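Here is the structure we will look at, set down as C-alpha cells.
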Amino acid sequence: MTSPVAKAVIPAAGLGTRFLPATKAQPKEMLPLVDKPAIQYVVEEAVRAGIRDILIITGRNKRSLEDHFDRSFELEFYLEKAGKHDELKEVRAIAEMADIHYIRQGEPKGLGHAVSVARDHVGDAPFAVLLGDDIMAERVHALEDMLAAYERLGRSVIALKPVQPAEVGSYGCVRPEAVEPRVVKVLDIVEKPSPEEAPSNLAVIGRYVFTPSIFGALERVQPGRGGEIQLTDAIGLLLEEGVYGQIFEGGRYDTGNKLDYLRATVELALERPDLGPELRRFLDDLLGRGGGTGES
Ligand code: UTP
C-alpha cells in the first residue's frame with residue numbers, strides 16, 4: 001500500500017549562527033559530512049521512506065543548494081570524457097533521486113514560519129517535515145517508523161529522543177503517556193524548559209509527520225521574541241486533535257552544533273568501508289599517544 005504521506009518539507013532557511021563563520025556565505029545544510037552535504041542525507045532519508053516530492057524552504061545563499069540537486073552538464077561532460085564513470089553515475093543520481101521544489105522563506109522568522117510557507121505546496125494532505133541540519137543514521141529508520149505510526153494512529157507523529165537533564169533546555173520537551181513500545185501520546189509540550197520545569201527527559205528532534213491541521217495551528221500562534229513563530233507552540237495547539245511521539249534512542253546528529261557535527265563526521269566515516277578501517281587506525285594511534293597531535 002502506498003503511504004498517504006506523499007510530500008516532505010525540509011526547512012533550510014535558518015541563519016546558522018551557531019556555526020559561523022562557515023555559514024557566512026553558505027547554508028549550514030550544505031556543510032559536508034564526509035563527502036556529502038548534510039541536506040543530501042536528509043533527502044535520501046525521505047526517498048528511502050518512499051517520498052519523492054520534496055519542498056526545500058530556502059533562505060539567503062540558496063544557490064549552492066539548488067545547484068547541488070540540479071544537473072551539472074559541464075561537470076558530467078568532463079567526467080564522461082575523463083572516463084570517471086562511477087563519479088558520473090553518482091553526480092547524475094543526485095539530480096534524479098527526487099522531485100525537488102524550492103520556496104523562499106523571505107525572512108528567517110522561525111521554524112514554525114518556515115513550515116507555514118509550505119502550505120500551498122502541501123495542500124490538504126498529511127506531510128513530513130525533516131530538518132535540513134538534523135541527520136538520522138540510516139540504521140534508525142526514523143521516517144519509515146513514523147509513517148507507519150501515522151498510518152496506525154491517524155494523528156500527527158513527532159520524533160523524540162531521551163536527553164540528559166542538563167540538555168533539555170536546548171529542546172522542546174514533552175509530557176508523555178505510554179501507548180505502545182517506543183510510542184507515546186503527547187499530553188503537553190514546552191519549548192526549552194529549565195531542568196526543574198521539564199515535564200520529562202523526552203526532547204523533540206527534527207522529524208515530524210503532520211496532519212494539515214498544523215497550518216491552522218501555525219496561523220493561531222502568537223509570534224514570540226524577534227517575531228519568530230515557534231513550531232513547538234503550534235504543536236501545543238495541535239494537542240487538541242491528538243499528537244503522538246515516536247522515541248529514538250541514538251543515531252541522531254544536530255549538524256548545526258559544532259561538537260555534534262564532528263561526532264557525525266567521525267561516526268559516519270567509521271561506518272564507511274572505504275574510509276572506516278584507516279580512520280580507525282588513525283584515531284587509535286592519535287588517542288593511544290595520549291590525545292596528542294599524532295606527530296612523533
Ligand atoms: P535552528 O533552530 O537550528 O536555527 O533551526 P538556526 O537559526 O538555523 O540556527 P542557529 O541557532 O542560528 O545556529 C532548525 C531548522 O529550521 C530551519 C533551519 O534551517 C534548520 O534546518 N529554520 C530555522 C528555517 O528554515 N527558518 C527559520 O527562520 C529558522
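Letters A, B, ... go to the chains of the C-alpha cells in the order shown; residues in each chain start at 1; ligands are counted from 1 in the same order.
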Dump as a tab-separated table the rows for residues of chain A within 10 Å of ligand 1: closest atom pair and distance in Å with one decimal, only C-alpha atoms and all ligand atoms counted, ordered by chain and rising residue number.
```
residue	atom	partner	partner_atom_place_in_ligand_line	distance
A:Ile10	CA	ligand 1	21 (O)	7.2
A:Pro11	CA	ligand 1	25 (O)	3.9
A:Ala12	CA	ligand 1	19 (O)	3.4
A:Ala13	CA	ligand 1	25 (O)	3.4
A:Gly14	CA	ligand 1	8 (O)	3.1
A:Leu15	CA	ligand 1	7 (O)	4.4
A:Gly16	CA	ligand 1	13 (O)	3.5
A:Thr17	CA	ligand 1	12 (O)	3.6
A:Arg18	CA	ligand 1	13 (O)	3.5
A:Phe19	CA	ligand 1	13 (O)	5.8
A:Leu20	CA	ligand 1	13 (O)	8.0
A:Thr23	CA	ligand 1	13 (O)	8.9
A:Pro27	CA	ligand 1	19 (O)	7.7
A:Lys28	CA	ligand 1	19 (O)	7.4
A:Glu29	CA	ligand 1	21 (O)	7.0
A:Ile39	CA	ligand 1	21 (O)	9.0
A:Ile56	CA	ligand 1	25 (O)	8.8
A:Ile57	CA	ligand 1	25 (O)	6.0
A:Thr58	CA	ligand 1	25 (O)	6.6
A:Gly59	CA	ligand 1	25 (O)	7.1
A:Arg104	CA	ligand 1	25 (O)	9.2
A:Gln105	CA	ligand 1	26 (N)	6.9
A:Gly106	CA	ligand 1	28 (O)	9.0
A:Glu107	CA	ligand 1	28 (O)	6.7
A:Pro108	CA	ligand 1	28 (O)	3.2
A:Lys109	CA	ligand 1	28 (O)	4.2
A:Gly110	CA	ligand 1	28 (O)	3.4
A:Leu111	CA	ligand 1	29 (C)	4.3
A:Gly112	CA	ligand 1	27 (C)	7.6
A:His113	CA	ligand 1	28 (O)	6.5
A:Ala114	CA	ligand 1	26 (N)	4.9
A:Val115	CA	ligand 1	25 (O)	7.6
A:Val117	CA	ligand 1	25 (O)	9.9
A:Leu130	CA	ligand 1	21 (O)	8.1
A:Leu131	CA	ligand 1	21 (O)	4.4
A:Gly132	CA	ligand 1	21 (O)	4.2
A:Asp133	CA	ligand 1	21 (O)	4.7
A:Asp134	CA	ligand 1	21 (O)	7.0
A:Ser170	CA	ligand 1	2 (O)	9.3
A:Tyr171	CA	ligand 1	2 (O)	9.2
A:Ile205	CA	ligand 1	14 (C)	9.6
A:Gly206	CA	ligand 1	14 (C)	7.6
A:Gly227	CA	ligand 1	28 (O)	9.9
A:Glu228	CA	ligand 1	28 (O)	7.2
A:Ile229	CA	ligand 1	28 (O)	8.2
A:Gln230	CA	ligand 1	29 (C)	9.0
A:Leu231	CA	ligand 1	16 (O)	9.5
A:Asp254	CA	ligand 1	3 (O)	8.0
A:Thr255	CA	ligand 1	3 (O)	8.7
A:Gly256	CA	ligand 1	13 (O)	5.8
A:Asn257	CA	ligand 1	13 (O)	7.2
A:Lys258	CA	ligand 1	13 (O)	9.6
```
> Hey, what's within 8 Å of A:Pro195 if we count only C-alpha atoms and toss same-chain stuff fewer than 2 positions away? As a ChimeraX atom specification, please?
Replying inline: /A:165-166,168-169,193,197-198
>> I'd like the neighbourhood of A:Arg220 as a list in words, where a residue qualifies if any of its atoms comes within 9 Å (using only C-alpha atoms), though same-chain residues fewer than 5 positions away should be ignored.
In response: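 What passes the distance filter is Phe215, Ala234 and Leu237 of chain A.
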Using only C-alpha atoms, which residues sit within 12 Å of A:Val91 once same-chain residues fewer than 4 positions away are excluded, as an mmCIF file with all heavy atoms, in the first residue's frame?
```
data_model
loop_
_atom_site.group_PDB
_atom_site.id
_atom_site.type_symbol
_atom_site.label_atom_id
_atom_site.label_comp_id
_atom_site.auth_asym_id
_atom_site.auth_seq_id
_atom_site.Cartn_x
_atom_site.Cartn_y
_atom_site.Cartn_z
ATOM 1 N N LYS A 36 29.373 14.263 1.522
ATOM 2 C CA LYS A 36 28.047 14.687 1.048
ATOM 3 C C LYS A 36 27.565 15.832 1.915
ATOM 4 O O LYS A 36 27.751 15.794 3.137
ATOM 5 C CB LYS A 36 27.034 13.544 1.242
ATOM 6 C CG LYS A 36 27.078 12.472 0.200
ATOM 7 C CD LYS A 36 25.848 11.600 0.306
ATOM 8 C CE LYS A 36 26.002 10.493 1.313
ATOM 9 N NZ LYS A 36 24.966 9.471 1.251
ATOM 10 N N GLN A 40 21.815 16.350 1.733
ATOM 11 C CA GLN A 40 21.654 15.179 0.849
ATOM 12 C C GLN A 40 21.281 13.929 1.666
ATOM 13 O O GLN A 40 20.469 13.112 1.231
ATOM 14 C CB GLN A 40 22.921 14.924 0.033
ATOM 15 C CG GLN A 40 22.672 13.836 -1.027
ATOM 16 C CD GLN A 40 23.888 13.558 -1.900
ATOM 17 O OE1 GLN A 40 24.719 14.443 -2.121
ATOM 18 N NE2 GLN A 40 23.995 12.347 -2.396
ATOM 19 N N ASP A 67 21.900 24.277 -6.915
ATOM 20 C CA ASP A 67 22.876 23.710 -7.857
ATOM 21 C C ASP A 67 23.195 22.263 -7.504
ATOM 22 O O ASP A 67 23.387 21.425 -8.385
ATOM 23 C CB ASP A 67 24.190 24.516 -7.831
ATOM 24 C CG ASP A 67 24.044 25.846 -8.556
ATOM 25 O OD1 ASP A 67 23.014 26.043 -9.235
ATOM 26 O OD2 ASP A 67 24.953 26.695 -8.428
ATOM 27 N N HIS A 68 23.242 21.965 -6.206
ATOM 28 C CA HIS A 68 23.618 20.615 -5.791
ATOM 29 C C HIS A 68 22.628 19.577 -6.295
ATOM 30 O O HIS A 68 23.028 18.471 -6.695
ATOM 31 C CB HIS A 68 23.739 20.532 -4.269
ATOM 32 C CG HIS A 68 24.219 19.193 -3.817
ATOM 33 N ND1 HIS A 68 25.520 18.779 -3.993
ATOM 34 C CD2 HIS A 68 23.572 18.139 -3.251
ATOM 35 C CE1 HIS A 68 25.654 17.544 -3.544
ATOM 36 N NE2 HIS A 68 24.484 17.137 -3.077
ATOM 37 N N PHE A 69 21.332 19.908 -6.277
ATOM 38 C CA PHE A 69 20.325 18.920 -6.679
ATOM 39 C C PHE A 69 19.940 19.052 -8.156
ATOM 40 O O PHE A 69 19.006 18.406 -8.620
ATOM 41 C CB PHE A 69 19.090 19.018 -5.780
ATOM 42 C CG PHE A 69 19.361 18.558 -4.369
ATOM 43 C CD1 PHE A 69 19.465 19.456 -3.324
ATOM 44 C CD2 PHE A 69 19.543 17.206 -4.098
ATOM 45 C CE1 PHE A 69 19.740 19.031 -2.034
ATOM 46 C CE2 PHE A 69 19.816 16.768 -2.816
ATOM 47 C CZ PHE A 69 19.911 17.682 -1.776
ATOM 48 N N ASP A 70 20.645 19.899 -8.889
ATOM 49 C CA ASP A 70 20.361 20.091 -10.317
ATOM 50 C C ASP A 70 21.365 19.302 -11.153
ATOM 51 O O ASP A 70 22.397 18.864 -10.639
ATOM 52 C CB ASP A 70 20.488 21.594 -10.633
ATOM 53 C CG ASP A 70 19.762 21.962 -11.914
ATOM 54 O OD1 ASP A 70 19.227 21.058 -12.595
ATOM 55 O OD2 ASP A 70 19.741 23.172 -12.231
ATOM 56 N N ARG A 71 21.062 19.116 -12.447
ATOM 57 C CA ARG A 71 22.057 18.531 -13.344
ATOM 58 C C ARG A 71 23.223 19.509 -13.485
ATOM 59 O O ARG A 71 23.053 20.722 -13.357
ATOM 60 C CB ARG A 71 21.440 18.305 -14.745
ATOM 61 C CG ARG A 71 20.336 17.277 -14.791
ATOM 62 C CD ARG A 71 20.815 15.867 -14.588
ATOM 63 N NE ARG A 71 21.725 15.397 -15.621
ATOM 64 C CZ ARG A 71 21.363 14.793 -16.754
ATOM 65 N NH1 ARG A 71 20.081 14.578 -17.001
ATOM 66 N NH2 ARG A 71 22.259 14.393 -17.634
ATOM 67 N N SER A 72 24.410 18.968 -13.738
ATOM 68 C CA SER A 72 25.567 19.820 -13.984
ATOM 69 C C SER A 72 26.202 19.316 -15.270
ATOM 70 O O SER A 72 27.057 18.430 -15.262
ATOM 71 C CB SER A 72 26.548 19.726 -12.816
ATOM 72 O OG SER A 72 27.733 20.406 -13.157
ATOM 73 N N PHE A 73 25.713 19.865 -16.397
ATOM 74 C CA PHE A 73 26.108 19.315 -17.702
ATOM 75 C C PHE A 73 27.604 19.438 -17.940
ATOM 76 O O PHE A 73 28.227 18.534 -18.473
ATOM 77 C CB PHE A 73 25.294 19.979 -18.815
ATOM 78 C CG PHE A 73 23.846 19.595 -18.733
ATOM 79 C CD1 PHE A 73 22.899 20.497 -18.271
ATOM 80 C CD2 PHE A 73 23.436 18.311 -19.083
ATOM 81 C CE1 PHE A 73 21.572 20.126 -18.164
ATOM 82 C CE2 PHE A 73 22.097 17.933 -18.980
ATOM 83 C CZ PHE A 73 21.167 18.849 -18.516
ATOM 84 N N GLU A 74 28.170 20.560 -17.501
ATOM 85 C CA GLU A 74 29.602 20.765 -17.719
ATOM 86 C C GLU A 74 30.413 19.706 -16.961
ATOM 87 O O GLU A 74 31.284 19.041 -17.529
ATOM 88 C CB GLU A 74 29.959 22.159 -17.206
ATOM 89 C CG GLU A 74 31.273 22.665 -17.714
ATOM 90 C CD GLU A 74 31.583 24.012 -17.085
ATOM 91 O OE1 GLU A 74 31.906 24.055 -15.894
ATOM 92 O OE2 GLU A 74 31.487 25.010 -17.796
ATOM 93 N N LEU A 75 30.084 19.526 -15.698
ATOM 94 C CA LEU A 75 30.799 18.534 -14.892
ATOM 95 C C LEU A 75 30.604 17.135 -15.471
ATOM 96 O O LEU A 75 31.564 16.357 -15.596
ATOM 97 C CB LEU A 75 30.283 18.592 -13.449
ATOM 98 C CG LEU A 75 30.887 17.605 -12.460
ATOM 99 C CD1 LEU A 75 32.386 17.828 -12.309
ATOM 100 C CD2 LEU A 75 30.208 17.745 -11.093
ATOM 101 N N GLU A 76 29.361 16.824 -15.867
ATOM 102 C CA GLU A 76 29.077 15.495 -16.421
ATOM 103 C C GLU A 76 29.878 15.266 -17.696
ATOM 104 O O GLU A 76 30.422 14.180 -17.922
ATOM 105 C CB GLU A 76 27.575 15.347 -16.694
ATOM 106 C CG GLU A 76 26.769 15.236 -15.409
ATOM 107 C CD GLU A 76 25.265 15.216 -15.642
ATOM 108 O OE1 GLU A 76 24.828 14.760 -16.723
ATOM 109 O OE2 GLU A 76 24.530 15.663 -14.745
ATOM 110 N N PHE A 77 29.981 16.304 -18.513
ATOM 111 C CA PHE A 77 30.744 16.214 -19.768
ATOM 112 C C PHE A 77 32.206 15.868 -19.478
ATOM 113 O O PHE A 77 32.777 14.960 -20.074
ATOM 114 C CB PHE A 77 30.632 17.564 -20.504
ATOM 115 C CG PHE A 77 31.509 17.664 -21.723
ATOM 116 C CD1 PHE A 77 31.126 17.071 -22.922
ATOM 117 C CD2 PHE A 77 32.717 18.351 -21.667
ATOM 118 C CE1 PHE A 77 31.947 17.167 -24.037
ATOM 119 C CE2 PHE A 77 33.533 18.446 -22.773
ATOM 120 C CZ PHE A 77 33.154 17.848 -23.969
ATOM 121 N N TYR A 78 32.802 16.563 -18.513
ATOM 122 C CA TYR A 78 34.218 16.326 -18.198
ATOM 123 C C TYR A 78 34.436 14.957 -17.556
ATOM 124 O O TYR A 78 35.404 14.274 -17.854
ATOM 125 C CB TYR A 78 34.772 17.456 -17.322
ATOM 126 C CG TYR A 78 35.039 18.685 -18.143
ATOM 127 C CD1 TYR A 78 34.244 19.815 -18.038
ATOM 128 C CD2 TYR A 78 36.076 18.697 -19.090
ATOM 129 C CE1 TYR A 78 34.459 20.932 -18.828
ATOM 130 C CE2 TYR A 78 36.302 19.815 -19.884
ATOM 131 C CZ TYR A 78 35.494 20.931 -19.746
ATOM 132 O OH TYR A 78 35.707 22.018 -20.531
ATOM 133 N N LEU A 79 33.503 14.549 -16.697
ATOM 134 C CA LEU A 79 33.654 13.227 -16.061
ATOM 135 C C LEU A 79 33.568 12.124 -17.116
ATOM 136 O O LEU A 79 34.325 11.156 -17.088
ATOM 137 C CB LEU A 79 32.565 13.024 -14.989
ATOM 138 C CG LEU A 79 32.697 13.882 -13.725
ATOM 139 C CD1 LEU A 79 31.486 13.700 -12.818
ATOM 140 C CD2 LEU A 79 33.979 13.535 -12.952
ATOM 141 N N GLU A 80 32.656 12.321 -18.078
ATOM 142 C CA GLU A 80 32.479 11.329 -19.152
ATOM 143 C C GLU A 80 33.755 11.246 -19.985
ATOM 144 O O GLU A 80 34.269 10.157 -20.272
ATOM 145 C CB GLU A 80 31.291 11.737 -20.007
ATOM 146 C CG GLU A 80 30.957 10.709 -21.076
ATOM 147 C CD GLU A 80 29.443 10.541 -21.256
ATOM 148 O OE1 GLU A 80 28.720 11.551 -21.168
ATOM 149 O OE2 GLU A 80 29.024 9.392 -21.475
ATOM 150 N N LYS A 84 35.548 8.821 -15.926
ATOM 151 C CA LYS A 84 35.246 8.651 -14.489
ATOM 152 C C LYS A 84 33.776 8.247 -14.346
ATOM 153 O O LYS A 84 32.919 9.056 -13.954
ATOM 154 C CB LYS A 84 35.558 9.940 -13.730
ATOM 155 C CG LYS A 84 37.023 10.340 -13.850
ATOM 156 C CD LYS A 84 37.439 11.300 -12.770
ATOM 157 C CE LYS A 84 38.950 11.401 -12.781
ATOM 158 N NZ LYS A 84 39.531 11.993 -11.624
ATOM 159 N N HIS A 85 33.506 6.972 -14.682
ATOM 160 C CA HIS A 85 32.109 6.547 -14.793
ATOM 161 C C HIS A 85 31.397 6.460 -13.444
ATOM 162 O O HIS A 85 30.209 6.785 -13.355
ATOM 163 C CB HIS A 85 32.041 5.220 -15.550
ATOM 164 C CG HIS A 85 32.623 5.336 -16.918
ATOM 165 N ND1 HIS A 85 32.067 6.135 -17.894
ATOM 166 C CD2 HIS A 85 33.752 4.819 -17.462
ATOM 167 C CE1 HIS A 85 32.809 6.095 -18.995
ATOM 168 N NE2 HIS A 85 33.854 5.291 -18.759
ATOM 169 N N ASP A 86 32.112 6.022 -12.410
ATOM 170 C CA ASP A 86 31.456 5.926 -11.087
ATOM 171 C C ASP A 86 31.043 7.306 -10.596
ATOM 172 O O ASP A 86 29.932 7.506 -10.097
ATOM 173 C CB ASP A 86 32.406 5.295 -10.059
ATOM 174 C CG ASP A 86 32.601 3.820 -10.334
ATOM 175 O OD1 ASP A 86 31.841 3.264 -11.163
ATOM 176 O OD2 ASP A 86 33.531 3.232 -9.747
ATOM 177 N N GLU A 87 31.953 8.264 -10.756
ATOM 178 C CA GLU A 87 31.666 9.632 -10.307
ATOM 179 C C GLU A 87 30.496 10.209 -11.114
ATOM 180 O O GLU A 87 29.612 10.866 -10.576
ATOM 181 C CB GLU A 87 32.898 10.532 -10.474
ATOM 182 C CG GLU A 87 34.041 10.233 -9.520
ATOM 183 C CD GLU A 87 34.944 9.084 -9.961
ATOM 184 O OE1 GLU A 87 34.603 8.397 -10.957
ATOM 185 O OE2 GLU A 87 35.989 8.864 -9.327
ATOM 186 N N ALA A 95 20.747 14.332 -8.989
ATOM 187 C CA ALA A 95 19.733 15.159 -9.655
ATOM 188 C C ALA A 95 18.460 14.373 -9.955
ATOM 189 O O ALA A 95 17.408 14.963 -10.204
ATOM 190 C CB ALA A 95 20.317 15.733 -10.939
ATOM 191 N N GLU A 96 18.567 13.046 -9.926
ATOM 192 C CA GLU A 96 17.407 12.244 -10.346
ATOM 193 C C GLU A 96 16.646 11.606 -9.195
ATOM 194 O O GLU A 96 15.599 11.012 -9.404
ATOM 195 C CB GLU A 96 17.886 11.145 -11.322
ATOM 196 C CG GLU A 96 18.211 11.740 -12.693
ATOM 197 C CD GLU A 96 19.030 10.809 -13.572
ATOM 198 O OE1 GLU A 96 19.329 9.674 -13.133
ATOM 199 O OE2 GLU A 96 19.372 11.240 -14.688
ATOM 200 N N MET A 97 17.180 11.701 -7.980
ATOM 201 C CA MET A 97 16.588 10.882 -6.911
ATOM 202 C C MET A 97 15.209 11.358 -6.460
ATOM 203 O O MET A 97 14.452 10.575 -5.894
ATOM 204 C CB MET A 97 17.549 10.758 -5.729
ATOM 205 C CG MET A 97 17.677 11.946 -4.853
ATOM 206 S SD MET A 97 18.780 11.486 -3.517
ATOM 207 C CE MET A 97 19.963 12.783 -3.626
#
```
>> as a ChimeraX atom specification, please: every residue in stretch 27-242 of chain A that a backbone DSSP assignment puts in alpha helix (DSSP H).
In response: /A:38-48,63-68,73-81,85-96,111-116,119-122,142-153,213-220,231-238
>> According to DSSP computed on the backbone, where in stretch 27-166 of chain A is there strand (DSSP E or B)? Give the residues as a VMD selection string.
In response: chain A and resid 32 to 33 36 to 37 53 to 58 99 to 104 127 to 130 134 to 136 156 to 162
Selected residues, N, CA, C and O atoms, written as a tab-separated table (two decimals), in the first residue's frame, please.
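Everything below was put into again_32.tsv:
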```tsv
chain	number	residue	atom	x	y	z
A	32	PRO	N	29.63	19.70	4.44
A	32	PRO	CA	29.76	18.28	4.13
A	32	PRO	C	29.96	17.41	5.37
A	32	PRO	O	30.64	17.82	6.31
A	33	LEU	N	29.34	16.24	5.34
A	33	LEU	CA	29.62	15.19	6.31
A	33	LEU	C	30.31	14.10	5.51
A	33	LEU	O	29.68	13.49	4.65
A	36	LYS	N	29.37	14.26	1.52
A	36	LYS	CA	28.05	14.69	1.05
A	36	LYS	C	27.56	15.83	1.91
A	36	LYS	O	27.75	15.79	3.14
A	37	PRO	N	26.89	16.83	1.32
A	37	PRO	CA	26.32	17.87	2.18
A	37	PRO	C	25.23	17.28	3.07
A	37	PRO	O	24.53	16.34	2.66
A	53	ASP	N	8.41	13.72	-3.53
A	53	ASP	CA	8.08	15.13	-3.74
A	53	ASP	C	8.59	15.92	-2.53
A	53	ASP	O	8.07	15.77	-1.42
A	54	ILE	N	9.62	16.70	-2.76
A	54	ILE	CA	10.29	17.36	-1.64
A	54	ILE	C	10.34	18.86	-1.86
A	54	ILE	O	10.76	19.33	-2.92
A	55	LEU	N	9.91	19.60	-0.85
A	55	LEU	CA	9.96	21.06	-0.91
A	55	LEU	C	11.03	21.54	0.07
A	55	LEU	O	10.93	21.27	1.27
A	56	ILE	N	12.03	22.22	-0.45
A	56	ILE	CA	13.07	22.77	0.44
A	56	ILE	C	12.78	24.25	0.66
A	56	ILE	O	12.58	25.01	-0.29
A	57	ILE	N	12.71	24.64	1.94
A	57	ILE	CA	12.49	26.05	2.28
A	57	ILE	C	13.86	26.71	2.38
A	57	ILE	O	14.66	26.33	3.25
A	58	THR	N	14.11	27.64	1.50
A	58	THR	CA	15.45	28.23	1.46
A	58	THR	C	15.45	29.66	1.99
A	58	THR	O	14.41	30.32	2.06
A	99	ASP	N	11.85	14.69	-6.87
A	99	ASP	CA	11.37	15.94	-7.48
A	99	ASP	C	11.50	17.01	-6.42
A	99	ASP	O	10.73	17.04	-5.46
A	100	ILE	N	12.49	17.87	-6.60
A	100	ILE	CA	12.76	18.85	-5.55
A	100	ILE	C	12.27	20.23	-5.97
A	100	ILE	O	12.55	20.69	-7.08
A	101	HIS	N	11.50	20.84	-5.08
A	101	HIS	CA	10.97	22.18	-5.31
A	101	HIS	C	11.56	23.11	-4.25
A	101	HIS	O	11.97	22.65	-3.18
A	102	TYR	N	11.54	24.39	-4.54
A	102	TYR	CA	12.12	25.36	-3.60
A	102	TYR	C	11.15	26.50	-3.38
A	102	TYR	O	10.44	26.90	-4.30
A	103	ILE	N	11.15	27.02	-2.18
A	103	ILE	CA	10.41	28.24	-1.92
A	103	ILE	C	11.21	29.05	-0.92
A	103	ILE	O	11.87	28.49	-0.04
A	104	ARG	N	11.16	30.35	-1.06
A	104	ARG	CA	11.90	31.24	-0.16
A	104	ARG	C	11.07	31.54	1.08
A	104	ARG	O	9.89	31.82	0.97
A	127	PHE	N	1.78	15.40	5.69
A	127	PHE	CA	3.10	15.57	5.09
A	127	PHE	C	4.18	15.40	6.16
A	127	PHE	O	3.90	15.47	7.36
A	128	ALA	N	5.41	15.19	5.68
A	128	ALA	CA	6.53	15.02	6.61
A	128	ALA	C	7.35	16.29	6.64
A	128	ALA	O	7.42	17.02	5.65
A	129	VAL	N	7.97	16.58	7.79
A	129	VAL	CA	8.94	17.67	7.90
A	129	VAL	C	10.25	17.07	8.41
A	129	VAL	O	10.25	16.33	9.40
A	130	LEU	N	11.33	17.33	7.69
A	130	LEU	CA	12.65	16.85	8.11
A	130	LEU	C	13.57	18.06	8.20
A	130	LEU	O	13.74	18.77	7.20
A	134	ASP	N	19.43	18.21	10.69
A	134	ASP	CA	19.33	17.07	11.61
A	134	ASP	C	19.52	15.80	10.80
A	134	ASP	O	18.76	15.51	9.88
A	135	ILE	N	20.53	15.02	11.16
A	135	ILE	CA	20.81	13.79	10.41
A	135	ILE	C	20.45	12.60	11.29
A	135	ILE	O	20.84	12.54	12.46
A	136	MET	N	19.72	11.66	10.70
A	136	MET	CA	19.42	10.41	11.40
A	136	MET	C	20.19	9.30	10.69
A	136	MET	O	20.13	9.19	9.46
A	156	SER	N	-0.89	13.31	14.01
A	156	SER	CA	0.49	13.76	13.81
A	156	SER	C	1.44	12.97	14.72
A	156	SER	O	1.07	12.59	15.83
A	157	VAL	N	2.65	12.75	14.22
A	157	VAL	CA	3.66	12.00	14.98
A	157	VAL	C	4.95	12.81	14.97
A	157	VAL	O	5.40	13.25	13.91
A	158	ILE	N	5.53	13.04	16.15
A	158	ILE	CA	6.80	13.78	16.22
A	158	ILE	C	7.90	12.86	16.76
A	158	ILE	O	7.61	11.93	17.51
A	159	ALA	N	9.13	13.13	16.37
A	159	ALA	CA	10.25	12.29	16.82
A	159	ALA	C	10.76	12.79	18.16
A	159	ALA	O	10.89	14.01	18.37
A	160	LEU	N	11.05	11.86	19.07
A	160	LEU	CA	11.52	12.20	20.41
A	160	LEU	C	12.80	11.44	20.72
A	160	LEU	O	13.00	10.34	20.21
A	161	LYS	N	13.61	12.05	21.58
A	161	LYS	CA	14.85	11.41	21.98
A	161	LYS	C	15.10	11.68	23.47
A	161	LYS	O	14.96	12.82	23.91
A	162	PRO	N	15.44	10.63	24.25
A	162	PRO	CA	15.77	10.89	25.65
A	162	PRO	C	17.09	11.66	25.74
A	162	PRO	O	18.05	11.31	25.06
```
So that I can see what lies close to A:Glu267, please list as a PDB file with C-alpha atoms, in the first residue's frame the residues with an atom at most 10 Å from it, counting only C-alpha atoms and leaving out residues fewer than 6 positions away in the same chain.
```
ATOM      1  CA  LEU A  33      29.622  15.189   6.311  1.00  0.00           C
ATOM      2  CA  VAL A  34      32.444  13.047   4.912  1.00  0.00           C
ATOM      3  CA  ALA A 137      21.648   7.367  10.847  1.00  0.00           C
ATOM      4  CA  GLY A 251      21.899   7.791  15.730  1.00  0.00           C
ATOM      5  CA  TYR A 261      28.931  17.922  13.594  1.00  0.00           C
ATOM      6  CA  GLY A 276      36.469   3.365   8.184  1.00  0.00           C
TER       7      GLY A 276
END
```
> Between A:Val9, A:Val243, A:Ile214, A:Arg272, which is the closest to A:His121 once you count only C-alpha atoms?
Replying inline: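 Comparing A:Val9, A:Val243, A:Ile214, A:Arg272 against A:His121, the winner is A:Val9.
Distances from A:Val204, A:Ala8, A:Leu153, A:Ala25 to A:Pro176 were compared using only C-alpha atoms, and the smallest one belongs to A:Val204.
Atom to atom, atom CA of A:Leu275 and atom CA of A:Arg263 stand 15.4 Å apart.
The shortest atom-to-atom distance to A:Glu249, with only C-alpha atoms taken into account, belongs to A:Arg182 out of A:Lys62, A:Arg182, A:Lys7, A:Arg281.
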> To one decimal place, how far is atom CA of A:Val186 from atom CA of A:Glu144 in Å?
Replying inline: 19.8 Å
> When you draw a straight line from atom CA of A:Val190 to atom CA of A:Pro212, how long is it in Å?
Replying inline: 21.6 Å
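Once A:Val5 and its same-chain neighbours fewer than 2 positions away are set aside, Thr2, Ser3, Lys7, Ala8, Ala49, Gly50, Ile51, Asp53, Ala125, Pro126, Phe127, Ala128, Leu147, Tyr150, Glu151, Val209, Phe210 and Thr211 of chain A remain within 10 Å of it when counting only C-alpha atoms.
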